[in-house]
Each structure stands twice: as structure tokens, then as C-alpha cells.
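Listing of query-v2.cif; format and content: mmCIF, C-alpha atoms.
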data_query
loop_
_atom_site.label_atom_id
_atom_site.label_comp_id
_atom_site.auth_asym_id
_atom_site.auth_seq_id
_atom_site.Cartn_x
_atom_site.Cartn_y
_atom_site.Cartn_z
CA MET V 25 -8.50 4.67 -26.56
CA THR V 26 -7.58 8.28 -25.95
CA SER V 27 -3.86 8.96 -25.80
CA LEU V 28 -2.90 11.04 -22.76
CA SER V 29 -0.10 13.31 -21.71
CA ILE V 30 0.67 13.96 -18.06
CA THR V 31 1.96 17.40 -17.26
CA ALA V 32 4.10 18.31 -14.28
CA LEU V 33 1.08 20.13 -12.86
CA GLU V 34 -1.46 17.36 -13.35
CA GLU V 35 0.60 14.55 -11.87
CA PRO V 36 1.41 16.02 -8.43
CA GLU V 37 -2.20 17.12 -8.11
CA MET V 38 -3.39 13.59 -8.75
CA ARG V 39 -0.72 12.10 -6.48
CA ARG V 40 -1.84 14.21 -3.54
CA LYS V 41 -5.40 12.97 -3.67
CA LEU V 42 -6.09 10.60 -0.82
CA GLY V 43 -8.72 8.61 -2.68
CA ILE V 44 -9.45 6.63 -5.81
CA SER V 45 -11.70 3.77 -6.79
CA THR V 46 -11.42 0.20 -8.00
CA ARG V 47 -13.48 -2.17 -10.12
CA LEU V 48 -13.81 -5.81 -11.09
CA ALA V 49 -15.75 -8.23 -13.23
CA ALA V 50 -17.24 -10.59 -10.66
CA GLY V 51 -20.81 -10.99 -9.53
CA VAL V 52 -22.37 -9.03 -6.68
CA LEU V 53 -23.50 -10.58 -3.42
CA ALA V 54 -27.24 -10.74 -2.98
CA VAL V 55 -28.81 -7.92 -1.00
CA THR V 56 -30.24 -10.44 1.40
CA VAL V 57 -26.74 -11.65 2.26
CA LEU V 58 -25.29 -8.14 2.57
CA GLY V 59 -28.12 -7.09 4.80
CA GLY V 60 -26.78 -9.41 7.45
CA LEU V 61 -23.29 -7.90 7.40
CA ASN V 62 -24.00 -4.77 9.42
CA MET V 63 -23.05 -6.33 12.74
CA SER V 64 -19.58 -6.30 14.23
CA THR V 65 -17.53 -9.23 13.00
CA ALA V 66 -15.36 -9.42 16.11
CA SER V 67 -16.58 -12.89 17.12
CA ALA V 68 -17.57 -14.30 13.76
CA ALA V 69 -14.44 -16.32 13.01
CA ASP V 70 -14.85 -19.98 12.09
CA PRO V 71 -12.76 -22.69 13.82
CA ALA V 72 -9.95 -22.28 11.28
CA GLY V 73 -9.66 -18.60 12.19
CA THR V 74 -11.32 -17.25 9.06
CA ASP V 75 -14.01 -14.60 9.54
CA PRO V 76 -16.79 -15.29 7.02
CA VAL V 77 -18.48 -11.92 7.55
CA ALA V 78 -15.25 -10.04 6.87
CA ALA V 79 -14.72 -12.21 3.79
CA ALA V 80 -18.18 -11.39 2.48
CA ARG V 81 -17.64 -7.69 3.09
CA ALA V 82 -14.32 -7.86 1.24
CA ARG V 83 -15.89 -9.61 -1.75
CA ALA V 84 -18.72 -7.10 -1.88
CA SER V 85 -16.30 -4.17 -1.71
CA TYR V 86 -14.04 -5.65 -4.36
CA GLU V 87 -16.87 -6.59 -6.68
CA ALA V 88 -17.95 -2.95 -6.60
CA ILE V 89 -14.56 -2.18 -8.11
CA ASN V 90 -15.27 -4.51 -11.00
CA THR V 91 -18.77 -3.20 -11.43
CA TYR V 92 -18.02 0.52 -11.42
CA PHE V 93 -14.33 1.02 -12.23
CA ASP V 94 -13.66 -1.34 -15.11
CA ALA V 95 -11.83 0.46 -17.92
CA GLY V 96 -11.26 -2.61 -20.10
CA ARG V 97 -8.17 -4.76 -20.68
CA GLY V 98 -7.81 -5.33 -16.96
CA LEU V 99 -7.27 -1.62 -16.28
CA LEU V 100 -9.30 0.57 -13.97
CA LEU V 101 -10.67 4.09 -13.71
CA GLU V 102 -9.27 6.63 -11.27
CA GLU V 103 -12.72 7.33 -9.84
CA TYR V 104 -16.42 6.69 -10.32
CA PRO V 105 -18.06 8.56 -11.92
CA ASN V 106 -14.86 9.40 -13.79
CA THR V 107 -14.40 13.16 -14.18
CA GLN V 108 -10.72 12.91 -15.17
CA SER V 109 -9.40 13.39 -18.69
CA ASN V 110 -7.33 10.24 -18.22
CA ALA V 111 -8.84 7.05 -19.54
CA TYR V 112 -7.18 4.94 -16.83
CA SER V 113 -5.98 5.22 -13.25
CA TYR V 114 -2.47 6.03 -12.22
CA VAL V 115 -0.40 3.05 -11.10
CA TRP V 116 -0.58 3.95 -7.38
CA PRO V 117 -4.34 3.41 -7.07
CA TYR V 118 -4.17 0.52 -9.51
CA SER V 119 -1.53 -1.18 -7.36
CA GLN V 120 -3.79 -0.96 -4.33
CA ALA V 121 -6.59 -2.68 -6.23
CA ALA V 122 -4.08 -5.39 -7.18
CA VAL V 123 -3.08 -5.73 -3.53
CA ALA V 124 -6.77 -6.06 -2.63
CA ALA V 125 -7.11 -8.91 -5.14
CA GLU V 126 -4.03 -10.60 -3.68
CA ASP V 127 -5.35 -10.21 -0.15
CA LEU V 128 -8.64 -11.78 -1.22
CA ALA V 129 -6.80 -14.63 -2.94
CA GLY V 130 -5.11 -15.33 0.39
CA VAL V 131 -8.38 -15.81 2.27
CA PRO V 132 -8.88 -19.54 2.93
CA GLY V 133 -11.45 -20.88 0.51
CA ALA V 134 -10.85 -18.19 -2.15
CA GLY V 135 -9.95 -21.01 -4.54
CA ALA V 136 -9.23 -20.81 -8.24
CA ALA V 137 -11.48 -17.79 -8.80
CA GLY V 138 -9.61 -15.73 -6.23
CA SER V 139 -6.26 -16.71 -7.69
CA ALA V 140 -7.43 -15.93 -11.22
CA GLU V 141 -8.50 -12.44 -10.18
CA ALA V 142 -5.13 -11.80 -8.56
CA ASP V 143 -3.47 -13.09 -11.76
CA ARG V 144 -5.55 -10.67 -13.84
CA ARG V 145 -4.49 -7.72 -11.75
CA ILE V 146 -0.81 -8.69 -11.90
CA ALA V 147 -1.00 -9.05 -15.69
CA ALA V 148 -2.27 -5.49 -16.16
CA TYR V 149 0.81 -4.07 -14.46
CA GLY V 150 2.39 -4.70 -17.84
CA PHE V 151 0.68 -1.60 -19.23
CA TYR V 152 2.79 0.54 -16.88
CA TRP V 153 6.16 -1.24 -17.25
CA ASN V 154 8.93 0.80 -18.85
CA SER V 155 11.80 -1.42 -20.00
CA GLY V 156 13.47 1.40 -21.88
CA THR V 157 15.08 3.09 -18.89
CA THR V 158 18.13 2.15 -16.83
CA PRO V 159 17.14 0.70 -14.51
CA PRO V 160 13.67 -0.27 -15.74
CA GLY V 161 10.56 0.20 -13.63
CA TYR V 162 6.90 1.09 -13.56
CA ASP V 163 5.82 4.48 -14.86
CA SER V 164 3.13 6.36 -13.01
CA TYR V 165 0.74 6.07 -15.96
CA VAL V 166 0.12 3.53 -18.72
CA ARG V 167 2.74 3.42 -21.46
CA PRO V 168 2.26 3.89 -25.23
CA PRO V 169 0.23 3.07 -27.22
CA ASN V 170 -2.43 3.26 -24.49
CA GLY V 171 -1.06 6.35 -22.79
CA GLN V 172 2.01 8.53 -22.63
CA GLY V 173 3.56 7.03 -19.52
CA GLY V 174 4.74 9.27 -16.70
CA ASP V 175 7.46 9.91 -14.20
CA LYS V 176 8.58 7.03 -12.00
CA PHE V 177 7.78 7.21 -8.30
CA TYR V 178 9.90 5.03 -6.06
CA ASP V 179 7.07 4.37 -3.63
CA ASP V 180 4.76 3.31 -6.48
CA ASN V 181 7.32 0.72 -7.47
CA GLU V 182 7.81 -0.40 -3.87
CA TRP V 183 4.08 -1.09 -3.42
CA ILE V 184 4.17 -3.25 -6.52
CA GLY V 185 7.30 -5.00 -5.28
CA LEU V 186 5.63 -5.84 -1.97
CA ASN V 187 2.54 -7.04 -3.85
CA LEU V 188 4.79 -9.38 -5.84
CA ILE V 189 6.53 -10.65 -2.70
CA GLN V 190 3.19 -11.55 -1.14
CA ARG V 191 2.20 -13.27 -4.37
CA TYR V 192 5.45 -15.25 -4.37
CA GLN V 193 4.92 -16.29 -0.77
CA ARG V 194 1.41 -17.50 -1.61
CA THR V 195 2.10 -19.18 -4.95
CA GLY V 196 5.86 -19.69 -5.43
CA ASP V 197 5.70 -17.60 -8.63
CA ARG V 198 9.38 -17.18 -9.55
CA ALA V 199 8.61 -14.47 -12.11
CA ALA V 200 7.05 -12.37 -9.35
CA LEU V 201 10.19 -12.74 -7.25
CA ALA V 202 12.42 -11.82 -10.19
CA ARG V 203 10.41 -8.67 -10.89
CA ALA V 204 10.55 -7.71 -7.20
CA LYS V 205 14.35 -7.88 -7.51
CA ASP V 206 14.20 -5.62 -10.56
CA ILE V 207 12.15 -3.13 -8.60
CA PHE V 208 14.60 -3.14 -5.72
CA ALA V 209 17.41 -2.29 -8.14
CA LEU V 210 15.38 0.76 -9.17
CA VAL V 211 14.87 1.75 -5.53
CA VAL V 212 18.61 1.57 -4.82
CA HIS V 213 19.14 3.74 -7.91
CA GLY V 214 16.97 6.36 -6.17
CA TRP V 215 19.33 6.74 -3.19
CA ASP V 216 20.62 10.29 -2.63
CA THR V 217 24.41 10.20 -3.01
CA ASP V 218 25.17 13.90 -2.43
CA PRO V 219 26.81 14.31 1.01
CA SER V 220 26.13 18.06 0.98
CA HIS V 221 22.38 17.58 1.29
CA PRO V 222 20.69 18.04 4.66
CA CYS V 223 20.05 14.56 6.07
CA ALA V 224 22.21 13.14 3.28
CA GLY V 225 21.09 9.80 1.92
CA GLY V 226 17.61 8.38 1.67
CA VAL V 227 15.60 7.32 -1.35
CA TYR V 228 13.97 10.13 -3.30
CA TRP V 229 10.19 10.07 -3.68
CA THR V 230 10.22 10.41 -7.46
CA GLN V 231 12.34 10.88 -10.55
CA ALA V 232 10.09 13.79 -11.55
CA PRO V 233 12.04 17.06 -11.93
CA TRP V 234 9.53 19.02 -9.86
CA SER V 235 10.39 17.22 -6.59
CA GLN V 236 13.64 16.37 -4.83
CA ASP V 237 11.96 15.28 -1.59
CA ARG V 238 13.11 12.24 0.33
CA ASN V 239 10.18 10.64 2.13
CA THR V 240 9.46 8.18 4.87
CA ILE V 241 7.18 6.48 2.37
CA SER V 242 9.97 5.98 -0.18
CA ASN V 243 12.36 4.54 2.40
CA GLY V 244 10.15 2.47 4.73
CA PRO V 245 8.64 0.28 1.98
CA GLY V 246 12.09 0.06 0.38
CA ALA V 247 13.47 -1.29 3.64
CA GLU V 248 10.59 -3.77 3.81
CA LEU V 249 11.20 -4.93 0.24
CA GLY V 250 14.92 -5.32 0.84
CA ALA V 251 14.36 -7.25 4.08
CA HIS V 252 11.90 -9.59 2.37
CA LEU V 253 14.36 -10.22 -0.46
CA TYR V 254 17.10 -10.99 2.04
CA LEU V 255 14.87 -13.42 3.95
CA LEU V 256 14.00 -15.16 0.67
CA THR V 257 17.47 -15.21 -0.93
CA ARG V 258 19.99 -14.65 1.89
CA ASP V 259 21.80 -12.19 -0.38
CA LYS V 260 23.34 -9.80 2.15
CA SER V 261 23.29 -6.84 -0.20
CA TYR V 262 19.52 -6.68 0.24
CA LEU V 263 19.88 -6.58 4.01
CA THR V 264 22.59 -3.90 3.87
CA TRP V 265 20.38 -1.62 1.79
CA ALA V 266 17.29 -2.34 3.89
CA GLN V 267 19.17 -1.32 7.03
CA LYS V 268 20.45 1.87 5.35
CA MET V 269 16.95 2.93 4.29
CA TYR V 270 15.52 2.15 7.71
CA GLN V 271 18.29 4.01 9.54
CA TRP V 272 17.95 7.06 7.31
CA ALA V 273 14.24 7.35 8.14
CA GLN V 274 14.92 6.81 11.83
CA THR V 275 17.60 9.48 11.86
CA CYS V 276 15.83 12.09 9.75
CA MET V 277 12.09 11.49 10.00
CA LEU V 278 11.41 10.19 13.53
CA ALA V 279 9.65 12.86 15.61
CA PRO V 280 9.87 13.36 19.38
CA ASN V 281 6.39 11.84 19.81
CA GLY V 282 7.61 8.49 18.46
CA LEU V 283 5.91 8.84 15.07
CA TYR V 284 7.38 9.59 11.65
CA TRP V 285 7.15 12.84 9.74
CA ASP V 286 6.48 12.80 5.99
CA HIS V 287 9.48 14.17 4.08
CA ILE V 288 12.43 16.53 3.88
CA ASP V 289 13.37 18.75 0.94
CA LEU V 290 16.82 19.79 -0.23
CA ALA V 291 16.60 23.03 1.75
CA GLY V 292 16.21 21.00 4.93
CA ASN V 293 12.53 21.81 5.43
CA ILE V 294 10.61 18.96 7.04
CA GLU V 295 6.95 18.35 6.23
CA LYS V 296 5.72 17.19 9.63
CA THR V 297 2.35 15.62 8.82
CA GLN V 298 2.18 12.19 10.45
CA TRP V 299 0.28 9.93 8.08
CA SER V 300 -0.79 6.49 9.24
CA TYR V 301 0.93 4.69 6.37
CA ASN V 302 4.30 6.16 7.33
CA GLN V 303 3.97 4.58 10.76
CA GLY V 304 2.92 1.28 9.18
CA VAL V 305 5.86 0.87 6.84
CA MET V 306 8.41 1.76 9.51
CA LEU V 307 7.03 -0.61 12.11
CA GLY V 308 6.76 -3.31 9.45
CA ALA V 309 10.36 -2.71 8.40
CA GLY V 310 11.41 -3.05 12.03
CA VAL V 311 9.69 -6.43 12.29
CA LEU V 312 11.28 -7.71 9.09
CA LEU V 313 14.75 -6.52 10.09
CA PHE V 314 14.29 -8.26 13.43
CA LYS V 315 13.46 -11.46 11.56
CA ALA V 316 16.48 -10.95 9.30
CA THR V 317 19.03 -10.17 12.01
CA GLY V 318 17.66 -11.38 15.34
CA ASP V 319 18.49 -7.92 16.76
CA ALA V 320 15.82 -7.20 19.39
CA ARG V 321 16.30 -3.45 18.93
CA TYR V 322 14.34 -3.61 15.69
CA LEU V 323 11.42 -5.35 17.38
CA ARG V 324 11.47 -2.80 20.22
CA ASP V 325 11.34 -0.04 17.61
CA ALA V 326 8.35 -1.66 15.92
CA LYS V 327 6.44 -2.04 19.17
CA SER V 328 7.21 1.55 20.10
CA VAL V 329 5.78 2.86 16.82
CA ALA V 330 2.76 0.57 17.19
CA ASN V 331 2.06 1.90 20.68
CA ALA V 332 2.55 5.53 19.68
CA SER V 333 0.37 5.21 16.60
CA LEU V 334 -2.43 3.39 18.41
CA ALA V 335 -2.49 6.25 20.92
CA PHE V 336 -2.34 8.91 18.19
CA TYR V 337 -5.01 7.46 15.89
CA ASN V 338 -7.11 6.44 18.83
CA THR V 339 -10.62 6.23 17.34
CA PRO V 340 -12.17 5.24 14.01
CA GLU V 341 -13.25 8.86 13.59
CA VAL V 342 -9.66 10.09 13.88
CA LEU V 343 -8.45 7.38 11.52
CA ALA V 344 -11.14 8.31 9.00
CA LYS V 345 -9.26 11.59 8.39
CA GLN V 346 -6.24 9.61 7.20
CA GLY V 347 -8.02 7.84 4.35
CA ALA V 348 -8.74 4.13 3.98
CA ALA V 349 -5.75 3.54 1.69
CA PHE V 350 -3.22 4.89 4.19
CA ASN V 351 -4.94 3.05 7.02
CA SER V 352 -4.90 -0.25 5.14
CA ILE V 353 -1.10 -0.07 4.97
CA TRP V 354 -0.86 0.75 8.68
CA PHE V 355 -3.16 -2.12 9.63
CA LYS V 356 -1.40 -4.65 7.41
CA ASN V 357 1.88 -3.84 9.08
CA LEU V 358 0.32 -4.12 12.53
CA LEU V 359 -0.66 -7.66 11.53
CA ILE V 360 2.92 -8.32 10.40
CA LEU V 361 4.00 -7.25 13.89
CA ASP V 362 1.29 -9.42 15.40
CA SER V 363 2.73 -12.44 13.57
CA VAL V 364 5.94 -12.06 15.61
CA SER V 365 4.68 -10.46 18.81
CA PRO V 366 0.94 -11.09 19.29
CA ASP V 367 -1.16 -8.27 20.69
CA PRO V 368 -4.99 -8.30 20.44
CA ARG V 369 -5.09 -4.50 20.25
CA TYR V 370 -3.93 -4.52 16.63
CA ARG V 371 -6.78 -6.56 15.19
CA ARG V 372 -9.26 -4.94 17.58
CA ALA V 373 -8.43 -1.46 16.25
CA MET V 374 -8.65 -2.77 12.68
CA GLN V 375 -12.02 -4.38 13.33
CA SER V 376 -13.40 -1.24 14.93
CA TYR V 377 -12.37 0.87 11.95
CA ALA V 378 -13.76 -1.67 9.47
CA ASP V 379 -17.13 -1.77 11.24
CA TYR V 380 -17.29 2.02 11.47
CA THR V 381 -16.46 2.44 7.79
CA TRP V 382 -18.88 -0.25 6.63
CA ASN V 383 -21.73 1.29 8.58
CA THR V 384 -20.88 4.98 8.02
CA TYR V 385 -19.55 5.41 4.49
CA ARG V 386 -20.79 2.45 2.43
CA ASP V 387 -23.69 2.90 0.04
CA PRO V 388 -25.70 -0.32 0.56
CA ALA V 389 -27.08 -0.09 -2.98
CA THR V 390 -23.66 -0.21 -4.63
CA ASN V 391 -21.14 -1.18 -1.91
CA LEU V 392 -19.15 1.91 -2.88
CA TYR V 393 -17.62 3.90 -0.02
CA LYS V 394 -18.49 7.58 -0.21
CA PHE V 395 -15.92 9.27 2.00
CA GLY V 396 -16.80 12.73 0.72
CA ALA V 397 -18.66 14.70 -1.89
CA GLY V 398 -18.08 13.92 -5.53
CA SER V 399 -16.78 10.77 -7.14
CA VAL V 400 -15.74 7.62 -5.31
CA GLU V 401 -11.98 7.16 -5.51
CA LEU V 402 -10.43 3.85 -6.54
CA LEU V 403 -7.63 4.27 -4.03
CA GLN V 404 -9.98 4.43 -1.06
CA GLN V 405 -12.28 1.67 -2.32
CA ALA V 406 -9.24 -0.56 -2.72
CA GLY V 407 -7.92 0.35 0.72
CA ILE V 408 -11.08 -0.58 2.61
CA THR V 409 -11.34 -3.78 0.57
CA GLN V 410 -7.86 -4.75 1.77
CA ILE V 411 -8.86 -4.15 5.38
CA HIS V 412 -11.96 -6.35 5.15
CA ALA V 413 -9.97 -9.05 3.35
CA LEU V 414 -7.20 -9.20 5.94
CA LEU V 415 -9.74 -9.39 8.75
CA ALA V 416 -10.84 -12.63 7.07
CA TRP V 417 -7.31 -14.08 7.31
CA PRO V 418 -6.51 -16.46 10.14
CA ARG V 419 -3.67 -15.22 12.29
CA SER V 420 -1.59 -18.26 11.30
CA ARG V 421 -1.18 -16.70 7.83
CA TYR V 422 0.03 -13.26 8.85
CA GLY V 423 3.61 -14.31 8.18
CA LEU V 424 2.78 -14.35 4.43
CA LEU V 425 1.95 -10.65 4.36
CA ALA V 426 4.13 -8.10 2.61
#

Can you present the structure in this file as C-alpha cells?
Amino acid sequence: MTSLSITALEEPEMRRKLGISTRLAAGVLAVTVLGGLNMSTASAADPAGTDPVAAARARASYEAINTYFDAGRGLLLEEYPNTQSNAYSYVWPYSQAAVAAEDLAGVPGAGAAGSAEADRRIAAYGFYWNSGTTPPGYDSYVRPPNGQGGDKFYDDNEWIGLNLIQRYQRTGDRAALARAKDIFALVVHGWDTDPSHPCAGGVYWTQAPWSQDRNTISNGPGAELGAHLYLLTRDKSYLTWAQKMYQWAQTCMLAPNGLYWDHIDLAGNIEKTQWSYNQGVMLGAGVLLFKATGDARYLRDAKSVANASLAFYNTPEVLAKQGAAFNSIWFKNLLILDSVSPDPRYRRAMQSYADYTWNTYRDPATNLYKFGAGSVELLQQAGITQIHALLAWPRSRYGLLA
């Protein structure tokens, strides 16, 4: 395999792409079956609450990852066709393919094959693990001898941590829980300790020297991970840190319209784009902190963000501009809120977006989603797969989501 080096210019460019692609080694659904999946799935659920049409769409979307993005050894390509010099994807898009596999494994009836695929995806995280740093964590690119590694991003590690929490809640895998704890130690290490900084505190986005930004997306998922770990272990240090991360984002990133901005730099400049995934992680963190503390303020916060974001991203066409990967995180967290405070609007918006995307962007010949010109991105293919998979979950299982 080609050995790669990641320069400070290449990595941020790749990180700012909103799409990627994913691939797997399973069979493809017959065209005759897929031909019947172009209807809305809103009323297709079976008596157990599982939507078989959504499940079939999810399998078809995921199997396209295996068919077109396989890079060998359980790893994946960044895009298809691959025009990158890198032989493998960065860990951020890879993690979203792993989450898609875990979401599929959680669909009732997924069985041993679904679990084995989730296992395979978890195993390949090992190519990115860097045990030689203090604290250890996942590099942004595969480590030697398969690649040259890369800077650590705190949000990358948080996505993996949440993936491992959901795995633990499905399977009882103690190793997954232990690694999630390792990741949280890394996240705490990323906390800004300089009181002279504007909006002092907060978890940095990355350890890379070219950025000192502190982001909603490095604090919201950190708060979620800490709250999950507290709920599973009752170790109060996890709750203390989760509340600190949540409060920092509320204080520094919450805009007057009730949605969250993206990040702040060390000069105090705020990047005010309001991405859907930022809203998702903060409302999800509110739900989990409510579960951890019983403080109704957190649940009110979560409902407020849900209402504001539903009004802001009010049509599938508007949501399409956010990217399927960002939207998948928003929708998953709406379902986490739904598990505590049911509201049919959350799933209805998710279903509408899934139908629109299936019918508008999917290539029926390949089940790849072509959101724009050029290659199909693993990140976006994985994101829409997650959405279809979670629409196949019965509501009774939403409490297992992370």
C-alpha cells in the first residue's frame, strides 16, 4: 500500500468537505425489490414498530458502500471514484460508516450478519489508534505502516466514543466501554485552560497547530459522551465535565435565534454558520443531562433547540444544503429527545427528508447518492444510510442511541 503524508494544507481542506462515501462486502438487493421502495415509508411499519421499507433502503445504501468504497482490510475509500492521493479515508468519514453499520445492527432482525458487519467496522478503527501519545487517541488518518497518521481531532474521537457507547448498550461489550472512557480522557485533555482567552474554556476542535478554534461540535458530543459515561458508571467526574462542556457551548455559541453558531477563535471572532449537526448534539446533550440530573431545565433547552431547528431547516430542500452526514446527527438526536419526550414531528421530518433524498439523489443502478458533480463521498453515503437505518428502528429502542 502507498505510504501517505498529510500536510497542514491537505488536512483542513479534506476536513471541510461535507461529503464522503462508504463501502461494504455484502450482497446487493435485487432490482425488483428496490423498485418497490420509491414510495413513502411513513405507514409501512410492522406491528413491532420496525419499518421494513426503511430497513431495505438502509441495506441497499450500506451495501453500496461495500461495493464501491472497499479499500481492503476493512478500510474504506474517501470517495468513489477515488481521485484522492490517499489510499484510505480519513477517520471522520470512516467513523460515520461504522456508525451506519451499528445502526443497521440495531434494526430488529439484523441478526448475526448485522452484528458481524458492525464488528468488522469497529475492528478497523485499530488502524487509526495512536497509543504513543499522552493521552492516546485516534489519529485523523491511518497509522504506520499503512499511512503516516495525522493530527488528532477531538470531534473525530467523540464520534467514535459515541459509536462505542451505542455498541456497548446493544451488546454489553466491555472493551467498547473501556475505550469510550479512554476517548473521554482525551477530550478532557483538550479543554482550554487559559483564562485570558475570549470565552475561556471549551474543548478545542483539534490538536493541529493550524487551528485554535473551540467549536460547538467539539463540546456538544463531548458533553453527550460524558453524560452517557455517567449514566453507565455513576462516576460523577463524567457528569461534572459534561455539564462544563454543555455550559460553555450555551454561554459562547448559542445565538439569539435559539440555534448554535459553529466556533470561536482566539481573537474572539465567531463563525456564525448554523449547521444542523451542531443543533443535534446540543439538544441531545440536554436530553442526556436531564436523564442524569433530573433537572427539567436541560429538557426545556433540548425542546427549545428542537423547535428552533425544525423551524429553521423547515423543508427537505433546505436540509439538503446541510449535507446528509450533518443531518443524520441532527435526526439521531431528535430521536433521543423523542425517547424522553415523544413528538411525532421529529420522525415525520426525518421521513420526509429520507424520502426526498431517496427519490432525488439516489442512482437506482448503484444505490449511490449523487449530491453534486464529481465523486460520491463516503461521508454523505454513510449519513443517509444512518437515516434510513434509524427509520427502521422501533421507537421503543431509541433509548439505546448514542

Tell me which residues the PyMOL selection byres ((chain V and resi 416) around 6) grabs here, as a list in words.
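On this input, the PyMOL selection byres ((chain V and resi 416) around 6) captures Thr74, Asp75, Ala78, Ala79, Ala413, Leu414, Leu415 and Trp417 of chain V.
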
For the provided coordinates, the residues matched by the PyMOL selection byres ((chain V and resi 387-399) around 6) should be stated as a ChimeraX atom specification.
/V:85,88,103-105,385-386,400

Glu341 (chain V): which residues within 12 Å, counting all atoms listed in the file, same-chain residues fewer than 2 positions away excluded, as a PDB file with C-alpha atoms, keeping the file's coordinate frame?
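Done, and the output landed in part23.pdb:
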ATOM      1  CA  PHE V 336      -2.340   8.910  18.190  1.00  0.00           C
ATOM      2  CA  TYR V 337      -5.010   7.460  15.890  1.00  0.00           C
ATOM      3  CA  ASN V 338      -7.110   6.440  18.830  1.00  0.00           C
ATOM      4  CA  THR V 339     -10.620   6.230  17.340  1.00  0.00           C
ATOM      5  CA  LEU V 343      -8.450   7.380  11.520  1.00  0.00           C
ATOM      6  CA  ALA V 344     -11.140   8.310   9.000  1.00  0.00           C
ATOM      7  CA  LYS V 345      -9.260  11.590   8.390  1.00  0.00           C
ATOM      8  CA  GLN V 346      -6.240   9.610   7.200  1.00  0.00           C
ATOM      9  CA  GLY V 347      -8.020   7.840   4.350  1.00  0.00           C
ATOM     10  CA  ALA V 348      -8.740   4.130   3.980  1.00  0.00           C
ATOM     11  CA  ALA V 373      -8.430  -1.460  16.250  1.00  0.00           C
ATOM     12  CA  SER V 376     -13.400  -1.240  14.930  1.00  0.00           C
ATOM     13  CA  TYR V 377     -12.370   0.870  11.950  1.00  0.00           C
ATOM     14  CA  ALA V 378     -13.760  -1.670   9.470  1.00  0.00           C
ATOM     15  CA  ASP V 379     -17.130  -1.770  11.240  1.00  0.00           C
ATOM     16  CA  TYR V 380     -17.290   2.020  11.470  1.00  0.00           C
ATOM     17  CA  THR V 381     -16.460   2.440   7.790  1.00  0.00           C
ATOM     18  CA  THR V 384     -20.880   4.980   8.020  1.00  0.00           C
ATOM     19  CA  TYR V 385     -19.550   5.410   4.490  1.00  0.00           C
ATOM     20  CA  PHE V 395     -15.920   9.270   2.000  1.00  0.00           C
TER      21      PHE V 395
END

Extract, using only C-alpha atoms, all DNA, RNA and protein residues at most 9 Å from Lys205 (chain V), discarding same-chain residues fewer than 4 positions from it, and format them as a ChimeraX atom specification.
/V:185,200-201,209-210,249-250,253

Taking the file as I've supplied it (selection: the PyMOL selection byres ((chain V and resi 174) around 6)), which residues are included? Please answer as JSON, numbers by chain.
{"V": [163, 164, 165, 173, 175]}

Write out the residues from the selection above, keeping C-alpha atoms, as a PDB file, in the frame of the given file.
ATOM      1  CA  ASP V 163       5.820   4.480 -14.860  1.00  0.00           C
ATOM      2  CA  SER V 164       3.130   6.360 -13.010  1.00  0.00           C
ATOM      3  CA  TYR V 165       0.740   6.070 -15.960  1.00  0.00           C
ATOM      4  CA  GLY V 173       3.560   7.030 -19.520  1.00  0.00           C
ATOM      5  CA  ASP V 175       7.460   9.910 -14.200  1.00  0.00           C
TER       6      ASP V 175
END

When you look at Asp179 (chain V) with a cut-off of 12 Å (counting all atoms listed in the file), what residues show up, excluding the ones that are within fewer than 3 positions of it in the same chain? I need them as a tab-separated table (two decimals) with C-alpha atoms, keeping the file's coordinate frame.
chain	number	residue	atom	x	y	z
V	39	ARG	CA	-0.72	12.10	-6.48
V	115	VAL	CA	-0.40	3.05	-11.10
V	116	TRP	CA	-0.58	3.95	-7.38
V	117	PRO	CA	-4.34	3.41	-7.07
V	119	SER	CA	-1.53	-1.18	-7.36
V	161	GLY	CA	10.56	0.20	-13.63
V	162	TYR	CA	6.90	1.09	-13.56
V	163	ASP	CA	5.82	4.48	-14.86
V	164	SER	CA	3.13	6.36	-13.01
V	175	ASP	CA	7.46	9.91	-14.20
V	176	LYS	CA	8.58	7.03	-12.00
V	182	GLU	CA	7.81	-0.40	-3.87
V	183	TRP	CA	4.08	-1.09	-3.42
V	184	ILE	CA	4.17	-3.25	-6.52
V	185	GLY	CA	7.30	-5.00	-5.28
V	186	LEU	CA	5.63	-5.84	-1.97
V	207	ILE	CA	12.15	-3.13	-8.60
V	208	PHE	CA	14.60	-3.14	-5.72
V	210	LEU	CA	15.38	0.76	-9.17
V	211	VAL	CA	14.87	1.75	-5.53
V	212	VAL	CA	18.61	1.57	-4.82
V	214	GLY	CA	16.97	6.36	-6.17
V	227	VAL	CA	15.60	7.32	-1.35
V	228	TYR	CA	13.97	10.13	-3.30
V	229	TRP	CA	10.19	10.07	-3.68
V	230	THR	CA	10.22	10.41	-7.46
V	231	GLN	CA	12.34	10.88	-10.55
V	238	ARG	CA	13.11	12.24	0.33
V	239	ASN	CA	10.18	10.64	2.13
V	240	THR	CA	9.46	8.18	4.87
V	241	ILE	CA	7.18	6.48	2.37
V	242	SER	CA	9.97	5.98	-0.18
V	243	ASN	CA	12.36	4.54	2.40
V	244	GLY	CA	10.15	2.47	4.73
V	245	PRO	CA	8.64	0.28	1.98
V	246	GLY	CA	12.09	0.06	0.38
V	247	ALA	CA	13.47	-1.29	3.64
V	248	GLU	CA	10.59	-3.77	3.81
V	249	LEU	CA	11.20	-4.93	0.24
V	301	TYR	CA	0.93	4.69	6.37
V	302	ASN	CA	4.30	6.16	7.33
V	305	VAL	CA	5.86	0.87	6.84

Quote the spacing between CA of Ile360 (chain V) and CA of Leu425 (chain V) in Å to one decimal place.
6.5 Å

Mind listing as number ranges by chain all residues within 12 Å of (5.3, 20.2, 6.8), counting only C-alpha atoms?
V: 237, 239, 277, 284-289, 292-299

When distances are computed from all atoms listed in the file, which of V:Ile353, V:Gln271, V:Leu256, V:Tyr262 shows the smallest separation from Cys223 (chain V)?
V:Gln271

Nearest to Arg371 (chain V): which of V:Ala82, V:Ile411, V:Ala335, V:Met269 is it, counting all atoms listed in the file?
V:Ile411

Please put the answer as JSON: centre and edge lengths, in Å with one decimal, of a box along x, y and z that encloses all listed atoms of region 371-388 of chain V plus 8 Å on each side.
{"center_x": -16.2, "center_y": -0.6, "center_z": 8.8, "size_x": 34.9, "size_y": 28.0, "size_z": 33.5}

Which residue, V:Ala316, V:Leu128, V:Leu255, V:Ala224, has the smallest gap to Arg194 (chain V) when you use only C-alpha atoms?
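The shortest atom-to-atom distance to Arg194 (chain V) comes from V:Leu128.
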
Just the number, please: distance in Å from CA of Tyr149 (chain V) to CA of Ala122 (chain V), one decimal.
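Between these atoms lies a distance of 8.9 Å.
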